[in-house]
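*Asks:* structure.pdb (PDB, C-alpha atoms, pLDDT in the B column) pasted underneath:
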```pdb
ATOM      1  CA  MET A   1       0.000   0.000   0.000  1.00 77.00           C
ATOM      2  CA  PRO A   2       2.725   2.636   0.699  1.00 83.00           C
ATOM      3  CA  PHE A   3       4.213   1.959  -2.727  1.00 87.00           C
ATOM      4  CA  LEU A   4       0.987   3.007  -4.477  1.00 91.00           C
ATOM      5  CA  VAL A   5       0.857   6.306  -2.565  1.00 90.00           C
ATOM      6  CA  ILE A   6       4.533   7.070  -3.237  1.00 90.00           C
ATOM      7  CA  GLY A   7       4.019   6.238  -6.926  1.00 90.00           C
ATOM      8  CA  ILE A   8       1.081   8.630  -7.227  1.00 92.00           C
ATOM      9  CA  LEU A   9       3.086  11.415  -5.514  1.00 90.00           C
ATOM     10  CA  ILE A  10       6.037  10.875  -7.842  1.00 91.00           C
ATOM     11  CA  ALA A  11       3.703  10.969 -10.863  1.00 92.00           C
ATOM     12  CA  CYS A  12       2.360  14.346  -9.687  1.00 91.00           C
ATOM     13  CA  THR A  13       5.901  15.693  -9.389  1.00 91.00           C
ATOM     14  CA  ILE A  14       6.622  14.470 -12.935  1.00 91.00           C
ATOM     15  CA  LEU A  15       3.637  16.571 -14.052  1.00 91.00           C
ATOM     16  CA  VAL A  16       5.056  19.666 -12.302  1.00 89.00           C
ATOM     17  CA  ALA A  17       8.525  19.124 -13.764  1.00 89.00           C
ATOM     18  CA  SER A  18       7.126  18.722 -17.283  1.00 90.00           C
ATOM     19  CA  TYR A  19       5.585  22.198 -16.921  1.00 90.00           C
ATOM     20  CA  ARG A  20       9.088  23.619 -16.481  1.00 87.00           C
ATOM     21  CA  CYS A  21      10.251  21.454 -19.392  1.00 87.00           C
ATOM     22  CA  MET A  22       7.640  22.996 -21.695  1.00 89.00           C
ATOM     23  CA  VAL A  23       7.597  26.626 -20.467  1.00 86.00           C
ATOM     24  CA  GLY A  24      11.020  27.278 -18.933  1.00 74.00           C
ATOM     25  CA  PRO A  25      13.105  30.020 -20.571  1.00 83.00           C
ATOM     26  CA  GLY A  26      16.114  28.904 -22.536  1.00 82.00           C
ATOM     27  CA  THR A  27      17.664  25.554 -23.357  1.00 84.00           C
ATOM     28  CA  TYR A  28      19.277  24.758 -20.026  1.00 87.00           C
ATOM     29  CA  ASN A  29      16.146  24.947 -17.901  1.00 88.00           C
ATOM     30  CA  ARG A  30      14.546  22.446 -20.240  1.00 89.00           C
ATOM     31  CA  ILE A  31      17.521  20.093 -19.977  1.00 89.00           C
ATOM     32  CA  VAL A  32      17.374  20.277 -16.157  1.00 89.00           C
ATOM     33  CA  ALA A  33      13.673  19.447 -16.196  1.00 90.00           C
ATOM     34  CA  ALA A  34      14.229  16.526 -18.584  1.00 90.00           C
ATOM     35  CA  ASN A  35      16.975  15.192 -16.303  1.00 89.00           C
ATOM     36  CA  LEU A  36      14.600  15.439 -13.354  1.00 90.00           C
ATOM     37  CA  VAL A  37      11.859  13.566 -15.216  1.00 90.00           C
ATOM     38  CA  GLY A  38      14.369  10.837 -16.069  1.00 89.00           C
ATOM     39  CA  THR A  39      15.302  10.450 -12.402  1.00 89.00           C
ATOM     40  CA  LYS A  40      11.723  10.267 -11.248  1.00 91.00           C
ATOM     41  CA  ALA A  41      10.865   7.731 -13.947  1.00 91.00           C
ATOM     42  CA  ILE A  42      13.385   5.327 -12.365  1.00 91.00           C
ATOM     43  CA  ILE A  43      11.553   5.571  -9.040  1.00 91.00           C
ATOM     44  CA  LEU A  44       8.198   5.221 -10.787  1.00 92.00           C
ATOM     45  CA  LEU A  45       9.360   2.016 -12.510  1.00 91.00           C
ATOM     46  CA  ILE A  46      10.544   0.531  -9.194  1.00 91.00           C
ATOM     47  CA  MET A  47       7.252   1.461  -7.501  1.00 91.00           C
ATOM     48  CA  THR A  48       5.300  -0.133 -10.368  1.00 92.00           C
ATOM     49  CA  GLY A  49       7.311  -3.295  -9.961  1.00 91.00           C
ATOM     50  CA  PHE A  50       6.479  -3.422  -6.262  1.00 89.00           C
ATOM     51  CA  VAL A  51       2.779  -2.654  -6.739  1.00 91.00           C
ATOM     52  CA  ILE A  52       2.047  -5.310  -9.361  1.00 91.00           C
ATOM     53  CA  GLU A  53       4.634  -7.664  -7.765  1.00 87.00           C
ATOM     54  CA  ARG A  54       6.871  -8.252 -10.728  1.00 87.00           C
ATOM     55  CA  PRO A  55      10.562  -7.809  -9.943  1.00 84.00           C
ATOM     56  CA  HIS A  56      11.571  -7.640 -13.619  1.00 88.00           C
ATOM     57  CA  PHE A  57      10.845  -3.913 -13.567  1.00 89.00           C
ATOM     58  CA  ILE A  58      14.026  -3.334 -11.558  1.00 90.00           C
ATOM     59  CA  ASP A  59      16.125  -4.460 -14.529  1.00 90.00           C
ATOM     60  CA  VAL A  60      14.225  -1.980 -16.700  1.00 91.00           C
ATOM     61  CA  ALA A  61      14.898   0.736 -14.097  1.00 89.00           C
ATOM     62  CA  LEU A  62      18.635  -0.049 -14.120  1.00 91.00           C
ATOM     63  CA  MET A  63      18.826   0.204 -17.905  1.00 92.00           C
ATOM     64  CA  TYR A  64      16.754   3.388 -17.863  1.00 91.00           C
ATOM     65  CA  ALA A  65      19.151   4.941 -15.331  1.00 90.00           C
ATOM     66  CA  VAL A  66      22.107   4.244 -17.614  1.00 92.00           C
ATOM     67  CA  ILE A  67      20.317   5.598 -20.703  1.00 91.00           C
ATOM     68  CA  ALA A  68      19.098   8.780 -18.956  1.00 90.00           C
ATOM     69  CA  PHE A  69      22.586   9.507 -17.592  1.00 91.00           C
ATOM     70  CA  ILE A  70      24.281   9.064 -20.975  1.00 92.00           C
ATOM     71  CA  GLY A  71      21.607  11.169 -22.696  1.00 91.00           C
ATOM     72  CA  THR A  72      21.953  14.056 -20.237  1.00 90.00           C
ATOM     73  CA  LEU A  73      25.746  13.997 -20.505  1.00 90.00           C
ATOM     74  CA  ILE A  74      25.689  14.003 -24.313  1.00 89.00           C
ATOM     75  CA  VAL A  75      23.187  16.873 -24.502  1.00 89.00           C
ATOM     76  CA  ALA A  76      25.192  18.916 -21.953  1.00 88.00           C
ATOM     77  CA  LYS A  77      28.455  18.430 -23.847  1.00 87.00           C
ATOM     78  CA  TYR A  78      26.758  19.266 -27.145  1.00 87.00           C
ATOM     79  CA  ALA A  79      25.237  22.455 -25.738  1.00 84.00           C
ATOM     80  CA  GLU A  80      28.603  23.447 -24.270  1.00 83.00           C
ATOM     81  CA  ARG A  81      30.798  23.030 -27.365  1.00 82.00           C
ATOM     82  CA  ALA A  82      28.286  22.903 -30.257  1.00 75.00           C
ATOM     83  CA  GLU A  83      30.018  19.759 -31.545  1.00 68.00           C
ATOM     84  CA  LEU A  84      30.219  16.205 -30.291  1.00 64.00           C
ATOM     85  CA  CYS A  85      33.888  15.357 -30.813  1.00 62.00           C
ATOM     86  CA  SER A  86      36.544  17.937 -31.516  1.00 57.00           C
ATOM     87  CA  PRO A  87      39.407  16.962 -33.858  1.00 55.00           C
TER      88      PRO A  87
ATOM     89  CA  MET B   1       1.749  -3.912  10.483  1.00 74.00           C
ATOM     90  CA  LEU B   2       5.105  -5.183  11.543  1.00 84.00           C
ATOM     91  CA  PRO B   3       7.616  -2.678  12.970  1.00 86.00           C
ATOM     92  CA  ILE B   4       9.901  -3.236   9.976  1.00 88.00           C
ATOM     93  CA  ASP B   5       7.040  -2.164   7.680  1.00 89.00           C
ATOM     94  CA  ILE B   6       6.529   1.022   9.682  1.00 91.00           C
ATOM     95  CA  LEU B   7      10.256   1.780   9.457  1.00 91.00           C
ATOM     96  CA  ALA B   8      10.197   1.177   5.685  1.00 90.00           C
ATOM     97  CA  THR B   9       7.176   3.457   5.301  1.00 91.00           C
ATOM     98  CA  ILE B  10       8.897   6.248   7.235  1.00 93.00           C
ATOM     99  CA  ILE B  11      12.021   5.996   5.053  1.00 93.00           C
ATOM    100  CA  LEU B  12       9.903   5.956   1.871  1.00 91.00           C
ATOM    101  CA  ALA B  13       7.961   9.025   3.029  1.00 92.00           C
ATOM    102  CA  THR B  14      11.229  10.868   3.737  1.00 92.00           C
ATOM    103  CA  GLY B  15      12.460  10.154   0.227  1.00 91.00           C
ATOM    104  CA  ALA B  16       9.195  11.250  -1.360  1.00 91.00           C
ATOM    105  CA  PHE B  17       9.247  14.463   0.707  1.00 92.00           C
ATOM    106  CA  PHE B  18      12.730  15.313  -0.524  1.00 92.00           C
ATOM    107  CA  MET B  19      11.804  14.626  -4.155  1.00 90.00           C
ATOM    108  CA  MET B  20       8.716  16.840  -3.875  1.00 90.00           C
ATOM    109  CA  THR B  21      10.820  19.606  -2.304  1.00 91.00           C
ATOM    110  CA  GLY B  22      13.314  19.427  -5.154  1.00 90.00           C
ATOM    111  CA  THR B  23      10.537  19.717  -7.715  1.00 90.00           C
ATOM    112  CA  LEU B  24       9.111  22.719  -5.857  1.00 90.00           C
ATOM    113  CA  GLY B  25      12.540  24.342  -6.034  1.00 89.00           C
ATOM    114  CA  LEU B  26      12.653  23.681  -9.784  1.00 88.00           C
ATOM    115  CA  LEU B  27       9.315  25.433 -10.118  1.00 88.00           C
ATOM    116  CA  LYS B  28       9.871  28.438  -7.855  1.00 87.00           C
ATOM    117  CA  PHE B  29      13.551  29.447  -7.903  1.00 87.00           C
ATOM    118  CA  PRO B  30      14.460  32.467 -10.061  1.00 88.00           C
ATOM    119  CA  ASP B  31      17.563  31.274 -11.907  1.00 87.00           C
ATOM    120  CA  PHE B  32      19.133  28.371 -13.778  1.00 87.00           C
ATOM    121  CA  TYR B  33      21.871  27.887 -11.179  1.00 89.00           C
ATOM    122  CA  THR B  34      19.552  27.981  -8.181  1.00 89.00           C
ATOM    123  CA  ARG B  35      17.198  25.504  -9.841  1.00 89.00           C
ATOM    124  CA  MET B  36      20.145  23.212 -10.480  1.00 90.00           C
ATOM    125  CA  HIS B  37      21.166  23.597  -6.835  1.00 89.00           C
ATOM    126  CA  ALA B  38      17.701  22.565  -5.681  1.00 89.00           C
ATOM    127  CA  THR B  39      17.234  19.567  -7.942  1.00 89.00           C
ATOM    128  CA  GLY B  40      20.779  18.184  -7.895  1.00 88.00           C
ATOM    129  CA  LYS B  41      20.918  17.462  -4.192  1.00 89.00           C
ATOM    130  CA  CYS B  42      17.296  16.761  -3.299  1.00 90.00           C
ATOM    131  CA  ASP B  43      16.821  14.362  -6.168  1.00 89.00           C
ATOM    132  CA  THR B  44      19.864  12.222  -5.437  1.00 90.00           C
ATOM    133  CA  PHE B  45      19.097  12.008  -1.734  1.00 91.00           C
ATOM    134  CA  GLY B  46      15.392  11.351  -2.317  1.00 91.00           C
ATOM    135  CA  GLN B  47      16.047   8.549  -4.743  1.00 91.00           C
ATOM    136  CA  CYS B  48      18.546   6.885  -2.409  1.00 91.00           C
ATOM    137  CA  MET B  49      16.076   7.107   0.493  1.00 92.00           C
ATOM    138  CA  VAL B  50      13.221   5.601  -1.538  1.00 92.00           C
ATOM    139  CA  ILE B  51      15.417   2.713  -2.671  1.00 92.00           C
ATOM    140  CA  LEU B  52      16.643   2.214   0.911  1.00 92.00           C
ATOM    141  CA  GLY B  53      13.005   2.005   2.018  1.00 91.00           C
ATOM    142  CA  CYS B  54      12.365  -0.679  -0.605  1.00 90.00           C
ATOM    143  CA  VAL B  55      15.441  -2.582   0.627  1.00 91.00           C
ATOM    144  CA  VAL B  56      14.237  -2.449   4.246  1.00 91.00           C
ATOM    145  CA  TYR B  57      10.768  -3.641   3.193  1.00 89.00           C
ATOM    146  CA  GLU B  58      12.046  -6.495   1.068  1.00 85.00           C
ATOM    147  CA  GLY B  59      14.729  -8.064   3.238  1.00 84.00           C
ATOM    148  CA  PHE B  60      17.904  -9.577   1.865  1.00 86.00           C
ATOM    149  CA  ASN B  61      17.557 -11.448  -1.410  1.00 88.00           C
ATOM    150  CA  PHE B  62      18.463 -11.133  -5.073  1.00 88.00           C
ATOM    151  CA  ILE B  63      16.091  -8.200  -5.724  1.00 88.00           C
ATOM    152  CA  THR B  64      17.783  -6.189  -2.987  1.00 91.00           C
ATOM    153  CA  ILE B  65      21.180  -6.479  -4.666  1.00 91.00           C
ATOM    154  CA  LYS B  66      19.774  -5.083  -7.901  1.00 89.00           C
ATOM    155  CA  LEU B  67      18.069  -2.239  -6.022  1.00 90.00           C
ATOM    156  CA  LEU B  68      21.338  -1.331  -4.316  1.00 91.00           C
ATOM    157  CA  LEU B  69      23.027  -1.442  -7.725  1.00 90.00           C
ATOM    158  CA  VAL B  70      20.555   1.149  -9.041  1.00 90.00           C
ATOM    159  CA  SER B  71      21.168   3.317  -5.976  1.00 91.00           C
ATOM    160  CA  ILE B  72      24.971   3.127  -6.189  1.00 92.00           C
ATOM    161  CA  PHE B  73      24.928   3.895  -9.894  1.00 91.00           C
ATOM    162  CA  TYR B  74      22.774   6.945  -9.359  1.00 90.00           C
ATOM    163  CA  LEU B  75      24.997   8.140  -6.514  1.00 91.00           C
ATOM    164  CA  LEU B  76      27.805   8.248  -9.079  1.00 91.00           C
ATOM    165  CA  ALA B  77      25.774   9.488 -12.040  1.00 90.00           C
ATOM    166  CA  GLY B  78      23.594  12.212 -10.536  1.00 89.00           C
ATOM    167  CA  PRO B  79      26.282  14.620  -9.288  1.00 90.00           C
ATOM    168  CA  CYS B  80      28.300  13.971 -12.468  1.00 91.00           C
ATOM    169  CA  SER B  81      25.446  15.016 -14.778  1.00 91.00           C
ATOM    170  CA  THR B  82      24.654  17.987 -12.499  1.00 91.00           C
ATOM    171  CA  HIS B  83      28.247  19.172 -12.688  1.00 92.00           C
ATOM    172  CA  ALA B  84      28.393  18.754 -16.473  1.00 90.00           C
ATOM    173  CA  LEU B  85      25.176  20.743 -16.968  1.00 89.00           C
ATOM    174  CA  MET B  86      26.328  23.496 -14.595  1.00 90.00           C
ATOM    175  CA  LYS B  87      29.690  23.823 -16.364  1.00 90.00           C
ATOM    176  CA  ALA B  88      27.992  23.921 -19.755  1.00 89.00           C
ATOM    177  CA  GLY B  89      25.707  26.722 -18.595  1.00 88.00           C
ATOM    178  CA  TYR B  90      28.575  28.693 -17.046  1.00 89.00           C
ATOM    179  CA  VAL B  91      30.830  28.416 -20.108  1.00 88.00           C
ATOM    180  CA  THR B  92      28.135  29.473 -22.554  1.00 86.00           C
ATOM    181  CA  GLY B  93      27.196  32.453 -20.397  1.00 81.00           C
ATOM    182  CA  VAL B  94      23.793  31.885 -18.836  1.00 82.00           C
ATOM    183  CA  PRO B  95      23.057  35.123 -16.874  1.00 83.00           C
ATOM    184  CA  VAL B  96      23.340  34.975 -13.081  1.00 85.00           C
ATOM    185  CA  TRP B  97      20.381  36.273 -11.077  1.00 84.00           C
ATOM    186  CA  LYS B  98      21.128  38.979  -8.534  1.00 84.00           C
ATOM    187  CA  LYS B  99      18.867  40.369  -5.857  1.00 81.00           C
ATOM    188  CA  GLY B 100      16.458  42.867  -7.359  1.00 78.00           C
ATOM    189  CA  ASP B 101      16.566  41.502 -10.905  1.00 77.00           C
ATOM    190  CA  LYS B 102      13.539  40.288 -12.733  1.00 76.00           C
ATOM    191  CA  ARG B 103      12.710  36.616 -12.178  1.00 73.00           C
ATOM    192  CA  ALA B 104      13.330  34.596 -15.327  1.00 64.00           C
TER     193      ALA B 104
END
```
So, in terms of structure tokens, how does the structure I just supplied come out?

*Replies:*
Amino acid sequence: MPFLVIGILIACTILVASYRCMVGPGTYNRIVAANLVGTKAIILLIMTGFVIERPHFIDVALMYAVIAFIGTLIVAKYAERAELCSP
Amino acid sequence: MLPIDILATIILATGAFFMMTGTLGLLKFPDFYTRMHATGKCDTFGQCMVILGCVVYEGFNFITIKLLLVSIFYLLAGPCSTHALMKAGYVTGVPVWKKGDKRA
């Protein structure tokens, strides 16, 4: 039962963060909001796995953590230098 | 409820409180850097507390090891991505908010 409540709270915070992702001024505020949504999606996946009692969701959460981290790092480096690999 | 369940619920509620506080900071702070300051710390700590609550609820088995793996990976990855984003914003010249300026 606590996992359902925590999951609903995290989903509400994803809604608030996606407001900043759509409205926020400039590129960097949007990247921060997207990073935050990626973090909360990991928690939401783990809570879903506990609510419907399927532990396979934790593997999905682990892979999603890796993909969100690499994506944020690549976008930050691209916005910093305007190229992906310098010669 | 068992006492271990009550302890797990308290730890889960602490983590959820910190994540909600970080999101509130993202919504209300006036600047890119202050928003980053709010989300970078609260999010990492909140996620680790929620996963610790799941570990306490579950006991020690194979699922717990994978949960701790997620937590340890995010303890390395979260501050790293925060630092990269902050450096990118500072190098490209995102304006710094001072007291009395207009809120962006």

*Asks:* Determine the residue set returned by the PyMOL selection byres ((chain A) within 9 of (chain B)) for the present structure, and present it as an mmCIF file with C-alpha atoms, keeping the file's coordinate frame.

*Replies:*
```cif
data_model
loop_
_atom_site.group_PDB
_atom_site.id
_atom_site.type_symbol
_atom_site.label_atom_id
_atom_site.label_comp_id
_atom_site.auth_asym_id
_atom_site.auth_seq_id
_atom_site.Cartn_x
_atom_site.Cartn_y
_atom_site.Cartn_z
ATOM 1 C CA PRO A 2 2.725 2.636 0.699
ATOM 2 C CA PHE A 3 4.213 1.959 -2.727
ATOM 3 C CA ILE A 6 4.533 7.070 -3.237
ATOM 4 C CA LEU A 9 3.086 11.415 -5.514
ATOM 5 C CA ILE A 10 6.037 10.875 -7.842
ATOM 6 C CA CYS A 12 2.360 14.346 -9.687
ATOM 7 C CA THR A 13 5.901 15.693 -9.389
ATOM 8 C CA ILE A 14 6.622 14.470 -12.935
ATOM 9 C CA VAL A 16 5.056 19.666 -12.302
ATOM 10 C CA ALA A 17 8.525 19.124 -13.764
ATOM 11 C CA TYR A 19 5.585 22.198 -16.921
ATOM 12 C CA ARG A 20 9.088 23.619 -16.481
ATOM 13 C CA GLY A 24 11.020 27.278 -18.933
ATOM 14 C CA PRO A 25 13.105 30.020 -20.571
ATOM 15 C CA TYR A 28 19.277 24.758 -20.026
ATOM 16 C CA ASN A 29 16.146 24.947 -17.901
ATOM 17 C CA ILE A 31 17.521 20.093 -19.977
ATOM 18 C CA VAL A 32 17.374 20.277 -16.157
ATOM 19 C CA ALA A 33 13.673 19.447 -16.196
ATOM 20 C CA ASN A 35 16.975 15.192 -16.303
ATOM 21 C CA LEU A 36 14.600 15.439 -13.354
ATOM 22 C CA THR A 39 15.302 10.450 -12.402
ATOM 23 C CA LYS A 40 11.723 10.267 -11.248
ATOM 24 C CA ILE A 42 13.385 5.327 -12.365
ATOM 25 C CA ILE A 43 11.553 5.571 -9.040
ATOM 26 C CA ILE A 46 10.544 0.531 -9.194
ATOM 27 C CA MET A 47 7.252 1.461 -7.501
ATOM 28 C CA PHE A 50 6.479 -3.422 -6.262
ATOM 29 C CA PRO A 55 10.562 -7.809 -9.943
ATOM 30 C CA ILE A 58 14.026 -3.334 -11.558
ATOM 31 C CA ASP A 59 16.125 -4.460 -14.529
ATOM 32 C CA ALA A 61 14.898 0.736 -14.097
ATOM 33 C CA LEU A 62 18.635 -0.049 -14.120
ATOM 34 C CA ALA A 65 19.151 4.941 -15.331
ATOM 35 C CA VAL A 66 22.107 4.244 -17.614
ATOM 36 C CA PHE A 69 22.586 9.507 -17.592
ATOM 37 C CA ILE A 70 24.281 9.064 -20.975
ATOM 38 C CA THR A 72 21.953 14.056 -20.237
ATOM 39 C CA LEU A 73 25.746 13.997 -20.505
ATOM 40 C CA VAL A 75 23.187 16.873 -24.502
ATOM 41 C CA ALA A 76 25.192 18.916 -21.953
ATOM 42 C CA LYS A 77 28.455 18.430 -23.847
ATOM 43 C CA TYR A 78 26.758 19.266 -27.145
ATOM 44 C CA ALA A 79 25.237 22.455 -25.738
ATOM 45 C CA GLU A 80 28.603 23.447 -24.270
ATOM 46 C CA ARG A 81 30.798 23.030 -27.365
#
```

*Asks:* Out of A:Val5, A:Ala34, A:Ala82, A:Leu15, which residue has the shortest atom-to-atom distance to Ala68 of chain A when counting only C-alpha atoms?

*Replies:*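 Among the listed residues, A:Ala34 lies closest to Ala68 of chain A.
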
*Asks:* Figure out the distance between atom CA of Ile11 of chain B and atom CA of Val60 of chain A, please, to one decimal in Å.

*Replies:*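 Atom CA of Val60 of chain A sits 23.3 Å away from atom CA of Ile11 of chain B.
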
*Asks:* If we count all atoms listed in the file, what is near Phe45 of chain B at a cut-off of 8 Å, once residues fewer than 4 positions away on the same chain are taken out, given as a VMD selection string?

*Replies:* chain B and resid 15 18 41 49

*Asks:* Just give me the gap between atom CA of Ile74 of chain A and atom CA of Pro95 of chain B in Å, one decimal is fine.

*Replies:* 22.5 Å
